[in-house]
file protein-v6.tsv (TSV, C-alpha atoms)
chain	number	residue	atom	x	y	z
T	1	MET	CA	51.58	-24.72	54.33
T	2	PRO	CA	52.08	-26.22	57.79
T	3	CYS	CA	53.89	-24.31	60.54
T	4	LEU	CA	56.66	-26.92	60.39
T	5	ASN	CA	58.25	-26.36	56.99
T	6	ALA	CA	61.78	-26.48	55.59
T	7	ASP	CA	61.95	-22.76	54.82
T	8	ILE	CA	61.52	-21.64	58.41
T	9	LEU	CA	63.90	-24.38	59.59
T	10	TYR	CA	66.58	-23.12	57.21
T	11	LEU	CA	66.05	-19.60	58.55
T	12	PHE	CA	66.78	-20.92	62.04
T	13	PHE	CA	69.71	-23.03	60.90
T	14	ASP	CA	71.31	-20.22	58.91
T	15	SER	CA	71.86	-18.30	62.16
T	16	ALA	CA	74.74	-20.74	62.78
T	17	ASN	CA	76.51	-18.52	60.20
T	18	MET	CA	75.89	-15.40	62.33
T	19	HIS	CA	78.93	-14.85	64.53
T	20	ARG	CA	78.58	-12.92	67.75
T	21	TRP	CA	81.24	-10.63	69.25
T	22	ASN	CA	83.04	-10.75	65.90
T	23	ASP	CA	84.67	-7.39	66.61
T	24	HIS	CA	86.38	-8.92	69.67
T	25	LEU	CA	88.94	-11.66	70.27
T	26	ARG	CA	87.06	-14.89	70.97
T	27	PRO	CA	88.56	-18.01	72.57
T	28	VAL	CA	85.70	-20.03	70.97
T	29	ASP	CA	83.30	-19.31	68.15
T	30	LEU	CA	80.05	-17.75	69.36
T	31	THR	CA	77.03	-17.95	67.08
T	32	GLU	CA	73.51	-16.58	67.18
T	33	ILE	CA	71.78	-19.95	67.25
T	34	ASP	CA	73.79	-20.95	70.32
T	35	LYS	CA	72.94	-17.68	72.04
T	36	GLN	CA	69.24	-18.22	71.35
T	37	ALA	CA	69.41	-21.78	72.65
T	38	HIS	CA	71.13	-20.68	75.87
T	39	LYS	CA	68.52	-17.94	76.23
T	40	ALA	CA	65.72	-20.51	75.88
T	41	MET	CA	67.22	-22.69	78.61
T	42	ILE	CA	67.75	-19.74	80.95
T	43	SER	CA	64.18	-18.55	80.36
T	44	TRP	CA	62.97	-21.99	81.45
T	45	VAL	CA	64.89	-21.57	84.72
T	46	LEU	CA	63.55	-18.06	85.40
T	47	ALA	CA	59.98	-18.99	84.45
T	48	SER	CA	60.15	-22.06	86.68
T	49	TYR	CA	61.10	-19.80	89.59
T	50	GLU	CA	58.12	-17.56	88.81
T	51	GLU	CA	55.73	-20.50	88.69
T	52	ALA	CA	57.10	-21.98	91.92
T	53	ALA	CA	56.48	-18.62	93.61
T	54	GLY	CA	52.82	-18.78	92.60
T	55	ASN	CA	53.02	-16.45	89.60
T	56	HIS	CA	51.18	-17.55	86.46
T	57	VAL	CA	53.39	-18.42	83.48
T	58	ASP	CA	51.98	-18.82	79.99
T	59	TRP	CA	54.53	-21.34	78.78
T	60	THR	CA	53.22	-21.42	75.23
T	61	ARG	CA	53.61	-17.66	74.96
T	62	LEU	CA	57.11	-17.88	76.46
T	63	ILE	CA	58.11	-20.48	73.86
T	64	GLU	CA	56.52	-18.70	70.92
T	65	HIS	CA	57.77	-15.21	71.80
T	66	GLY	CA	61.24	-16.66	72.27
T	67	MET	CA	61.01	-18.10	68.77
T	68	PHE	CA	59.69	-14.81	67.37
T	69	SER	CA	62.54	-12.83	68.93
T	70	PHE	CA	64.94	-15.35	67.36
T	71	ILE	CA	63.42	-14.81	63.91
T	72	GLN	CA	63.58	-11.04	64.33
T	73	ARG	CA	67.25	-11.21	65.31
T	74	ALA	CA	68.07	-13.61	62.46
T	75	VAL	CA	66.46	-11.30	59.90
T	76	LEU	CA	68.23	-8.19	61.22
T	77	THR	CA	71.60	-10.04	61.10
T	78	ASP	CA	74.54	-9.14	63.31
T	79	LEU	CA	73.79	-5.58	64.42
T	80	LYS	CA	75.50	-4.50	67.61
T	81	PRO	CA	73.06	-4.92	70.52
T	82	GLN	CA	73.02	-1.17	71.23
T	83	VAL	CA	72.09	-0.46	67.61
T	84	PHE	CA	69.53	-3.26	67.47
T	85	HIS	CA	67.68	-2.19	70.60
T	86	ARG	CA	67.74	1.50	69.68
T	87	ILE	CA	66.32	1.08	66.19
T	88	VAL	CA	63.64	-1.29	67.45
T	89	ALA	CA	62.71	1.16	70.22
T	90	GLU	CA	62.71	4.29	68.03
T	91	ARG	CA	61.54	2.87	64.69
T	92	ARG	CA	59.44	-0.11	65.74
T	93	GLY	CA	56.92	0.19	62.93
T	94	GLN	CA	59.48	0.59	60.16
T	95	VAL	CA	61.66	-2.19	61.54
T	96	ALA	CA	58.59	-4.43	61.81
T	97	ASP	CA	57.71	-3.66	58.17
T	98	TYR	CA	61.17	-4.74	57.10
T	99	VAL	CA	61.27	-7.87	59.26
T	100	ILE	CA	57.87	-9.13	58.12
T	101	SER	CA	58.75	-8.45	54.46
T	102	GLU	CA	61.98	-10.42	54.85
T	103	PHE	CA	60.16	-13.20	56.66
T	104	ASP	CA	57.67	-13.38	53.80
T	105	ARG	CA	60.53	-13.59	51.33
T	106	LEU	CA	62.39	-16.30	53.25
T	107	VAL	CA	59.32	-18.26	54.33
T	108	PRO	CA	56.88	-17.57	51.47
T	109	ASP	CA	54.31	-20.18	52.50
T	110	ALA	CA	54.25	-19.62	56.24
T	111	ASP	CA	51.21	-20.74	58.17
T	112	PRO	CA	48.84	-17.70	58.15
T	113	ALA	CA	47.96	-17.95	61.84
T	114	LEU	CA	51.62	-18.20	62.87
T	115	ARG	CA	52.51	-15.26	60.60
T	116	SER	CA	49.68	-13.21	62.08
T	117	ARG	CA	50.90	-13.80	65.63
T	118	PHE	CA	54.47	-12.97	64.58
T	119	ARG	CA	53.28	-9.74	62.97
T	120	GLU	CA	51.41	-8.78	66.14
T	121	TYR	CA	54.54	-9.51	68.19
T	122	LEU	CA	56.63	-7.22	65.97
T	123	TYR	CA	54.29	-4.24	65.95
T	124	ASP	CA	53.18	-4.27	69.59
T	125	GLU	CA	55.88	-3.81	72.21
T	126	PRO	CA	55.92	-7.03	74.26
T	127	ARG	CA	55.01	-6.20	77.86
T	128	THR	CA	53.99	-9.51	79.40
T	129	LYS	CA	55.66	-11.34	82.26
T	130	GLU	CA	56.91	-13.89	79.74
T	131	ASP	CA	58.59	-11.16	77.68
T	132	ALA	CA	60.29	-9.82	80.80
T	133	VAL	CA	61.61	-13.33	81.47
T	134	LEU	CA	62.92	-13.56	77.90
T	135	ARG	CA	64.66	-10.18	78.14
T	136	ALA	CA	66.31	-11.16	81.42
T	137	ALA	CA	67.40	-14.50	79.93
T	138	HIS	CA	68.77	-12.65	76.91
T	139	TYR	CA	71.05	-10.49	79.03
T	140	LEU	CA	72.13	-13.36	81.28
T	141	ALA	CA	73.17	-15.31	78.18
T	142	THR	CA	74.96	-12.22	76.87
T	143	ARG	CA	76.79	-11.81	80.17
T	144	TRP	CA	77.85	-15.47	80.04
T	145	GLU	CA	79.37	-14.83	76.62
T	146	PHE	CA	80.99	-11.61	77.78
T	147	ASN	CA	82.64	-13.30	80.76
T	148	LEU	CA	84.04	-15.86	78.33
T	149	ILE	CA	85.73	-13.24	76.14
T	150	TYR	CA	86.59	-10.59	78.73
T	151	ASP	CA	90.11	-11.71	79.65
T	152	SER	CA	91.10	-11.75	75.97
T	153	ASN	CA	89.79	-8.22	75.44
T	154	ARG	CA	90.88	-6.28	78.52
T	155	SER	CA	92.94	-3.91	76.40
T	156	ILE	CA	90.15	-3.10	73.95
T	157	TYR	CA	88.74	0.40	74.27
T	158	GLY	CA	85.26	0.46	75.78
T	159	ILE	CA	85.26	-3.10	77.11
T	160	ASP	CA	84.42	-2.05	80.67
T	161	ARG	CA	81.62	0.18	79.41
T	162	THR	CA	80.19	-2.86	77.65
T	163	ARG	CA	80.23	-4.73	80.96
T	164	GLU	CA	78.41	-1.82	82.63
T	165	GLU	CA	75.74	-1.76	79.92
T	166	ILE	CA	75.07	-5.47	80.27
T	167	ASP	CA	74.86	-5.20	84.06
T	168	GLU	CA	72.52	-2.19	83.76
T	169	GLN	CA	70.14	-4.24	81.64
T	170	ILE	CA	70.29	-7.21	84.00
T	171	ASN	CA	69.59	-4.98	87.00
T	172	GLN	CA	66.34	-3.86	85.40
T	173	HIS	CA	64.97	-7.37	85.93
T	174	LEU	CA	65.75	-7.91	89.60
T	175	ASP	CA	62.02	-8.10	90.33
T	176	LEU	CA	62.02	-11.58	88.80
T	177	VAL	CA	62.16	-14.22	91.52
T	178	GLY	CA	65.17	-16.17	90.24
T	179	MET	CA	67.42	-13.32	89.16
T	180	LYS	CA	69.49	-12.95	92.32
T	181	ASP	CA	70.38	-16.63	92.32
T	182	ALA	CA	71.05	-16.52	88.58
T	183	MET	CA	73.55	-13.70	89.14
T	184	SER	CA	75.28	-15.14	92.21
T	185	PRO	CA	78.46	-17.17	91.52
T	186	GLY	CA	78.39	-20.30	93.63
T	187	SER	CA	74.61	-20.64	93.62
T	188	GLY	CA	73.03	-23.72	92.09
T	189	THR	CA	71.17	-21.62	89.53
T	190	PHE	CA	74.33	-19.81	88.42
T	191	SER	CA	76.08	-23.16	88.03
T	192	LEU	CA	73.14	-24.63	86.11
T	193	ILE	CA	73.16	-21.73	83.64
T	194	ASP	CA	76.90	-22.19	83.20
T	195	LEU	CA	76.43	-25.90	82.63
T	196	PHE	CA	73.86	-25.20	79.92
T	197	GLY	CA	76.32	-22.84	78.23
T	198	GLN	CA	79.02	-25.50	78.14
T	199	LEU	CA	77.01	-27.35	75.48
T	200	ARG	CA	78.39	-24.68	73.12
T	201	PHE	CA	81.78	-26.35	73.40
T	202	GLN	CA	80.44	-29.71	72.19
T	203	GLN	CA	80.72	-29.78	68.41
T	204	ARG	CA	78.37	-31.85	66.27
T	205	TRP	CA	79.98	-34.25	63.76
T	206	ALA	CA	83.23	-33.47	65.56
T	207	ARG	CA	85.54	-35.57	63.41
T	208	THR	CA	84.07	-34.43	60.09
T	209	PRO	CA	84.91	-31.15	58.28
T	210	ARG	CA	81.63	-29.27	57.92
T	211	ILE	CA	80.21	-25.79	57.27
T	212	PRO	CA	78.72	-24.33	59.30
T	213	LYS	CA	80.08	-25.99	62.40
T	214	THR	CA	77.25	-26.42	64.87
T	215	SER	CA	77.16	-27.26	68.54
T	216	VAL	CA	75.02	-29.53	70.67
T	217	LEU	CA	73.44	-26.40	72.15
T	218	GLY	CA	72.28	-25.01	68.81
T	219	HIS	CA	71.14	-28.44	67.65
T	220	SER	CA	68.97	-28.72	70.76
T	221	LEU	CA	67.12	-25.51	69.90
T	222	MET	CA	66.52	-26.72	66.35
T	223	VAL	CA	64.85	-29.85	67.74
T	224	ALA	CA	62.80	-27.84	70.26
T	225	ASN	CA	61.57	-25.32	67.68
T	226	MET	CA	60.66	-28.12	65.29
T	227	MET	CA	58.59	-29.76	68.00
T	228	TYR	CA	56.81	-26.50	68.80
T	229	LEU	CA	55.90	-25.93	65.16
T	230	HIS	CA	54.76	-29.54	64.83
T	231	ASP	CA	52.58	-29.17	67.92
T	232	CYS	CA	51.02	-26.05	66.39
T	233	ASP	CA	50.13	-28.12	63.33
T	234	ILE	CA	48.39	-30.81	65.37
T	235	SER	CA	46.73	-28.32	67.78
T	236	ALA	CA	48.44	-29.84	70.81
T	237	ASP	CA	47.34	-28.72	74.26
T	238	ASP	CA	49.53	-26.43	76.35
T	239	ARG	CA	50.86	-29.20	78.61
T	240	SER	CA	51.97	-31.25	75.61
T	241	ILE	CA	53.58	-28.18	74.04
T	242	TYR	CA	55.59	-27.66	77.22
T	243	ASN	CA	56.63	-31.32	77.40
T	244	ASP	CA	57.56	-31.61	73.73
T	245	TYR	CA	59.44	-28.33	73.47
T	246	TYR	CA	61.51	-28.69	76.62
T	247	THR	CA	62.16	-32.38	76.02
T	248	GLY	CA	63.60	-31.31	72.65
T	249	LEU	CA	65.58	-28.50	74.25
T	250	PHE	CA	67.11	-30.72	76.95
T	251	HIS	CA	67.33	-34.05	75.12
T	252	ASP	CA	71.13	-33.85	74.73
T	253	LEU	CA	71.87	-32.30	78.12
T	254	PRO	CA	73.61	-35.48	79.40
T	255	GLU	CA	76.31	-34.88	76.77
T	256	VAL	CA	77.66	-32.03	78.86
T	257	LEU	CA	78.65	-34.75	81.32
T	258	THR	CA	79.54	-37.66	79.02
T	259	LYS	CA	80.40	-36.06	75.66
T	260	ASP	CA	78.89	-37.66	72.57
T	261	VAL	CA	79.13	-41.37	71.92
T	262	ILE	CA	78.56	-41.92	68.21
T	263	THR	CA	75.64	-44.09	67.14
T	264	PRO	CA	77.66	-46.87	65.47
T	265	ILE	CA	79.44	-47.59	68.76
T	266	LYS	CA	76.15	-47.57	70.70
T	267	VAL	CA	74.56	-49.93	68.19
T	268	ASN	CA	77.43	-52.34	67.62
T	269	VAL	CA	78.76	-52.79	71.15
T	270	ASP	CA	76.33	-55.17	72.82
T	271	GLY	CA	74.65	-53.72	75.91
T	272	LEU	CA	76.49	-50.38	75.65
T	273	ALA	CA	73.37	-48.27	74.98
T	274	ALA	CA	71.65	-49.49	78.14
T	275	LEU	CA	74.84	-49.08	80.17
T	276	LEU	CA	75.28	-45.51	78.92
T	277	GLU	CA	71.68	-44.68	79.73
T	278	ASP	CA	72.09	-45.90	83.31
T	279	PHE	CA	75.38	-44.01	83.63
T	280	GLU	CA	73.79	-40.81	82.28
T	281	HIS	CA	70.97	-41.09	84.80
T	282	ASP	CA	73.49	-41.51	87.62
T	283	LEU	CA	75.45	-38.47	86.45
T	284	ILE	CA	72.32	-36.35	86.12
T	285	GLU	CA	71.27	-37.28	89.65
T	286	SER	CA	74.70	-36.59	91.13
T	287	THR	CA	75.71	-33.51	89.09
T	288	ILE	CA	72.66	-31.69	87.71
T	289	MET	CA	69.83	-32.48	90.12
T	290	PRO	CA	71.55	-30.80	93.09
T	291	LEU	CA	71.41	-27.57	91.05
T	292	ILE	CA	67.65	-27.89	90.38
T	293	ASP	CA	65.05	-26.53	92.79
T	294	ASP	CA	63.23	-29.36	94.59
T	295	VAL	CA	59.87	-28.15	93.27
T	296	TRP	CA	60.94	-28.76	89.63
T	297	LYS	CA	62.98	-31.94	89.99
T	298	ASP	CA	60.34	-34.53	89.13
T	299	ARG	CA	59.13	-32.55	86.14
T	300	PHE	CA	62.69	-32.08	84.95
T	301	ARG	CA	63.31	-35.83	85.22
T	302	PHE	CA	60.27	-36.35	83.02
T	303	LEU	CA	61.86	-34.09	80.38
T	304	VAL	CA	65.41	-35.45	80.36
T	305	TYR	CA	64.98	-39.19	81.02
T	306	ASP	CA	64.10	-41.32	77.98
T	307	PRO	CA	63.34	-38.27	75.79
T	308	PHE	CA	62.50	-40.35	72.72
T	309	SER	CA	59.78	-42.42	74.40
T	310	ASP	CA	56.08	-41.63	74.06
T	311	GLU	CA	54.61	-41.15	77.51
T	312	GLU	CA	51.43	-40.01	79.18
T	313	HIS	CA	52.19	-38.89	82.71
T	314	PRO	CA	49.20	-38.70	85.09
T	315	GLU	CA	50.27	-35.23	86.28
T	316	TYR	CA	52.32	-33.73	83.44
T	317	GLY	CA	50.44	-35.00	80.41
T	318	ILE	CA	51.57	-36.31	77.02
T	319	ARG	CA	55.12	-36.29	75.67
T	320	ARG	CA	55.55	-37.28	71.99
T	321	GLY	CA	59.04	-38.72	72.28
T	322	SER	CA	58.93	-40.51	68.94
T	323	ASP	CA	58.32	-37.17	67.21
T	324	VAL	CA	61.15	-35.61	69.24
T	325	LYS	CA	63.36	-38.37	67.83
T	326	ALA	CA	62.17	-37.59	64.29
T	327	CYS	CA	63.02	-33.91	64.82
T	328	ASP	CA	66.42	-34.91	66.20
T	329	LEU	CA	67.07	-36.95	63.06
T	330	PHE	CA	65.93	-34.21	60.73
T	331	ALA	CA	68.11	-31.62	62.50
T	332	ALA	CA	71.07	-33.98	62.02
T	333	TYR	CA	70.10	-34.43	58.38
T	334	MET	CA	70.14	-30.65	57.87
T	335	GLU	CA	73.60	-30.42	59.43
T	336	ALA	CA	75.04	-32.91	56.96
T	337	PHE	CA	72.95	-31.99	53.90
T	338	ILE	CA	73.58	-28.24	54.09
T	339	SER	CA	77.33	-28.69	54.43
T	340	VAL	CA	77.33	-30.86	51.33
T	341	ARG	CA	75.30	-28.19	49.52
T	342	TYR	CA	77.79	-25.55	50.65
T	343	GLY	CA	80.52	-27.60	48.99
T	344	VAL	CA	82.20	-29.02	52.11
T	345	SER	CA	81.66	-32.75	51.89
T	346	SER	CA	83.15	-36.07	52.87
T	347	SER	CA	82.20	-39.72	52.66
T	348	ALA	CA	81.07	-39.52	56.31
T	349	LEU	CA	78.69	-36.66	55.55
T	350	ARG	CA	77.30	-38.23	52.37
T	351	GLU	CA	76.82	-41.59	54.08
T	352	GLY	CA	75.33	-39.75	57.06
T	353	CYS	CA	72.81	-37.99	54.83
T	354	GLN	CA	71.70	-41.23	53.24
T	355	GLY	CA	71.59	-43.16	56.50
T	356	ILE	CA	69.54	-40.50	58.27
T	357	ARG	CA	67.26	-40.15	55.28
T	358	ASP	CA	66.56	-43.88	55.40
T	359	LYS	CA	65.71	-43.64	59.10
T	360	LEU	CA	63.37	-40.70	58.46
T	361	VAL	CA	61.35	-42.82	56.03
T	362	GLU	CA	60.58	-45.14	58.94
T	363	LYS	CA	60.62	-42.83	61.97
T	364	GLY	CA	59.63	-39.46	60.54
T	365	LYS	CA	56.02	-40.09	59.53
T	366	GLY	CA	54.64	-38.19	62.54
T	367	ILE	CA	56.24	-34.93	61.41
T	368	ASP	CA	55.93	-35.69	57.66
T	369	ALA	CA	59.71	-35.68	57.49
T	370	MET	CA	59.94	-36.74	53.86
T	371	ALA	CA	58.00	-33.65	52.79
T	372	LEU	CA	60.63	-31.60	54.66
T	373	VAL	CA	63.42	-33.55	52.95
T	374	ASP	CA	61.81	-33.03	49.54
T	375	ARG	CA	61.47	-29.27	50.07
T	376	LEU	CA	65.06	-29.02	51.34
T	377	ASP	CA	66.22	-30.80	48.17
T	378	LYS	CA	64.55	-28.14	46.04
T	379	MET	CA	65.81	-25.08	47.93
T	380	ARG	CA	68.65	-22.96	46.51
T	381	ILE	CA	71.17	-23.54	49.29
T	382	ARG	CA	74.65	-22.43	48.32
T	383	PHE	CA	77.67	-21.08	50.16
T	384	PHE	CA	78.74	-18.87	47.25

call {"tool": "encode", "arguments": {"input": "protein-v6.tsv", "output": "structure tokens"}}
result
Amino acid sequence: MPCLNADILYLFFDSANMHRWNDHLRPVDLTEIDKQAHKAMISWVLASYEEAAGNHVDWTRLIEHGMFSFIQRAVLTDLKPQVFHRIVAERRGQVADYVISEFDRLVPDADPALRSRFREYLYDEPRTKEDAVLRAAHYLATRWEFNLIYDSNRSIYGIDRTREEIDEQINQHLDLVGMKDAMSPGSGTFSLIDLFGQLRFQQRWARTPRIPKTSVLGHSLMVANMMYLHDCDISADDRSIYNDYYTGLFHDLPEVLTKDVITPIKVNVDGLAALLEDFEHDLIESTIMPLIDDVWKDRFRFLVYDPFSDEEHPEYGIRRGSDVKACDLFAAYMEAFISVRYGVSSSALREGCQGIRDKLVEKGKGIDAMALVDRLDKMRIRFF
């Protein structure tokens, strides 16, 4: 079976049902998939700092180990962080046995090479620079969540100890080049990380009842992970993997500035799509680019401008934008299809499923989207 298959995608998607901080008052819903997406974006920032300082970054390892840590967390469900990290530290082998057995159950036809690398990741404590970046990004994303809920939970016993524990973990990664800026309110990096997090507040299919509700942030990670798995299947080179993954991860970033404009309006109002694209570029230049280090700006523009176009940049390499678009469509299809399967449906969702499915016939050939659709049809997906 290829790396990109419906079973592993459903494993990722199902983490939208995993609620974080669910023993605290929460002003907004916080889910595991959103946390993992925020972590992926923050790790890009920290790794970019490392690279700019002359330190080697294995971007493919960073991407894959981030995905592996996501799978591990999804399989172990919503354990408290203290419990999760302790059992992994003290019972690594036994926990790895359980995780790989659950992975085999949930993704029975996983690509053997991908499974082998995942198994190695589970059994051997990750000690690379990329793993340090991922751990730091994990705790920065956790602190962002904590700051969001803190005022609502000041009276809860132990809340200040939780803050101390998070800060203790963050302080263990101060050797990373970008950490001080990432922790400093008022810095461009701190603001950029906050801006990424605000994509949690943007709900997908906002005017349509749906379970589970998903955000633009979580959707972005679905697209990025799909592109990584697809690139594994076609043996893409490392530069293309970087371009495809991070284009997928950042393809909806302009929505933090504009909110979503639904496709029917873009299509049916003459000239609106081009106008919106120009406006988005202006907003990115005026609002986001001042927060980006000068060394990364041109590469970042390559990722976020025209994300669905196929390009071959003389310096950065190939970006398969048409496949990113196919992944974007399939992620949207999952959002509608799974809600219908869960029993929460509407004419908008059913029409959305059919409309997206029709587009995938035409635009999804690169990722063999119809094979994914067919497998999703056959899966036992139920809410109860």

call {"tool": "closest_atom_pairs", "arguments": {"input": "protein-v6.tsv", "of": "segment 121-177 of chain T", "to": "segment 48-72 of chain T", "cutoff": "12 Å", "atoms": "only C-alpha atoms", "output": "Markdown table"}}
result
| residue | atom | partner | partner_atom | distance |
| --- | --- | --- | --- | --- |
| T:Tyr121 | CA | T:Phe68 | CA | 7.4 |
| T:Leu122 | CA | T:Gln72 | CA | 8.1 |
| T:Tyr123 | CA | T:Gln72 | CA | 11.6 |
| T:Glu125 | CA | T:His65 | CA | 11.6 |
| T:Pro126 | CA | T:His65 | CA | 8.7 |
| T:Arg127 | CA | T:His65 | CA | 11.2 |
| T:Thr128 | CA | T:Arg61 | CA | 9.3 |
| T:Lys129 | CA | T:Val57 | CA | 7.5 |
| T:Glu130 | CA | T:Leu62 | CA | 5.2 |
| T:Asp131 | CA | T:Leu62 | CA | 7.0 |
| T:Ala132 | CA | T:Leu62 | CA | 9.7 |
| T:Val133 | CA | T:Leu62 | CA | 8.1 |
| T:Leu134 | CA | T:Gly66 | CA | 6.6 |
| T:Arg135 | CA | T:Gly66 | CA | 9.4 |
| T:Ala136 | CA | T:Gly66 | CA | 11.8 |
| T:Ala137 | CA | T:Gly66 | CA | 10.1 |
| T:His138 | CA | T:Gly66 | CA | 9.7 |
| T:Asp175 | CA | T:Glu50 | CA | 10.3 |
| T:Leu176 | CA | T:Glu50 | CA | 7.1 |
| T:Val177 | CA | T:Glu50 | CA | 5.9 |

call {"tool": "atom_distance", "arguments": {"input": "protein-v6.tsv", "atom1": "atom CA of Val216 of chain T", "atom2": "atom CA of Leu283 of chain T"}}
result
18.1 Å

call {"tool": "residues_around", "arguments": {"input": "protein-v6.tsv", "residues": "segment 200-210 of chain T", "least_positions_apart": "4", "cutoff": "8 Å", "atoms": "only C-alpha atoms", "output": "short mmCIF file (atom, residue, chain, number, x, y, z; two decimals) with C-alpha atoms, in the coordinates of the input"}}
result
data_model
loop_
_atom_site.label_atom_id
_atom_site.label_comp_id
_atom_site.auth_asym_id
_atom_site.auth_seq_id
_atom_site.Cartn_x
_atom_site.Cartn_y
_atom_site.Cartn_z
CA VAL T 28 85.70 -20.03 70.97
CA ASP T 34 73.79 -20.95 70.32
CA THR T 214 77.25 -26.42 64.87
CA SER T 215 77.16 -27.26 68.54
CA VAL T 216 75.02 -29.53 70.67
CA LEU T 217 73.44 -26.40 72.15
CA GLY T 218 72.28 -25.01 68.81
CA VAL T 256 77.66 -32.03 78.86
CA LYS T 259 80.40 -36.06 75.66
CA ALA T 336 75.04 -32.91 56.96
CA SER T 339 77.33 -28.69 54.43
CA VAL T 344 82.20 -29.02 52.11
CA SER T 345 81.66 -32.75 51.89
CA SER T 346 83.15 -36.07 52.87
CA ALA T 348 81.07 -39.52 56.31
CA LEU T 349 78.69 -36.66 55.55
#

call {"tool": "atom_distance", "arguments": {"input": "protein-v6.tsv", "atom1": "atom CA of Lys39 of chain T", "atom2": "atom CA of Asn171 of chain T"}}
result
16.9 Å

call {"tool": "closest_residue", "arguments": {"input": "protein-v6.tsv", "among": "T:Ser184, T:Phe196, T:Trp144, T:Asp151", "to": "Ile166 of chain T", "atoms": "all atoms listed in the file"}}
result
T:Trp144

call {"tool": "atom_distance", "arguments": {"input": "protein-v6.tsv", "atom1": "atom CA of Asp109 of chain T", "atom2": "atom CA of Gly366 of chain T"}}
result
20.6 Å

call {"tool": "decode", "arguments": {"input": "protein-v6.tsv", "residues": "segment 16-48 of chain T", "atoms": "C-alpha atoms", "output": "tab-separated table (two decimals), in the first residue's frame"}}
result
chain	number	residue	atom	x	y	z
T	16	ALA	CA	-9.90	16.57	15.85
T	17	ASN	CA	-12.01	14.60	18.36
T	18	MET	CA	-9.21	14.74	20.96
T	19	HIS	CA	-9.82	17.77	23.18
T	20	ARG	CA	-6.93	19.36	25.02
T	21	TRP	CA	-7.13	20.96	28.47
T	22	ASN	CA	-10.52	19.30	28.90
T	23	ASP	CA	-10.12	19.38	32.69
T	24	HIS	CA	-9.95	23.19	32.54
T	25	LEU	CA	-12.32	25.98	31.51
T	26	ARG	CA	-11.63	26.83	27.88
T	27	PRO	CA	-12.75	30.01	26.10
T	28	VAL	CA	-12.38	28.13	22.78
T	29	ASP	CA	-12.18	24.46	21.90
T	30	LEU	CA	-8.60	23.19	21.76
T	31	THR	CA	-7.93	19.99	19.84
T	32	GLU	CA	-4.91	17.79	19.28
T	33	ILE	CA	-4.77	18.28	15.52
T	34	ASP	CA	-4.63	22.05	15.98
T	35	LYS	CA	-1.86	21.72	18.56
T	36	GLN	CA	0.16	19.54	16.18
T	37	ALA	CA	-0.35	22.01	13.34
T	38	HIS	CA	0.78	24.94	15.48
T	39	LYS	CA	3.79	22.87	16.58
T	40	ALA	CA	4.70	22.19	12.94
T	41	MET	CA	4.58	25.90	12.09
T	42	ILE	CA	6.65	26.85	15.15
T	43	SER	CA	9.21	24.16	14.33
T	44	TRP	CA	9.60	25.73	10.88
T	45	VAL	CA	10.40	29.07	12.55
T	46	LEU	CA	12.95	27.58	14.97
T	47	ALA	CA	14.59	25.43	12.30
T	48	SER	CA	14.82	28.42	9.97
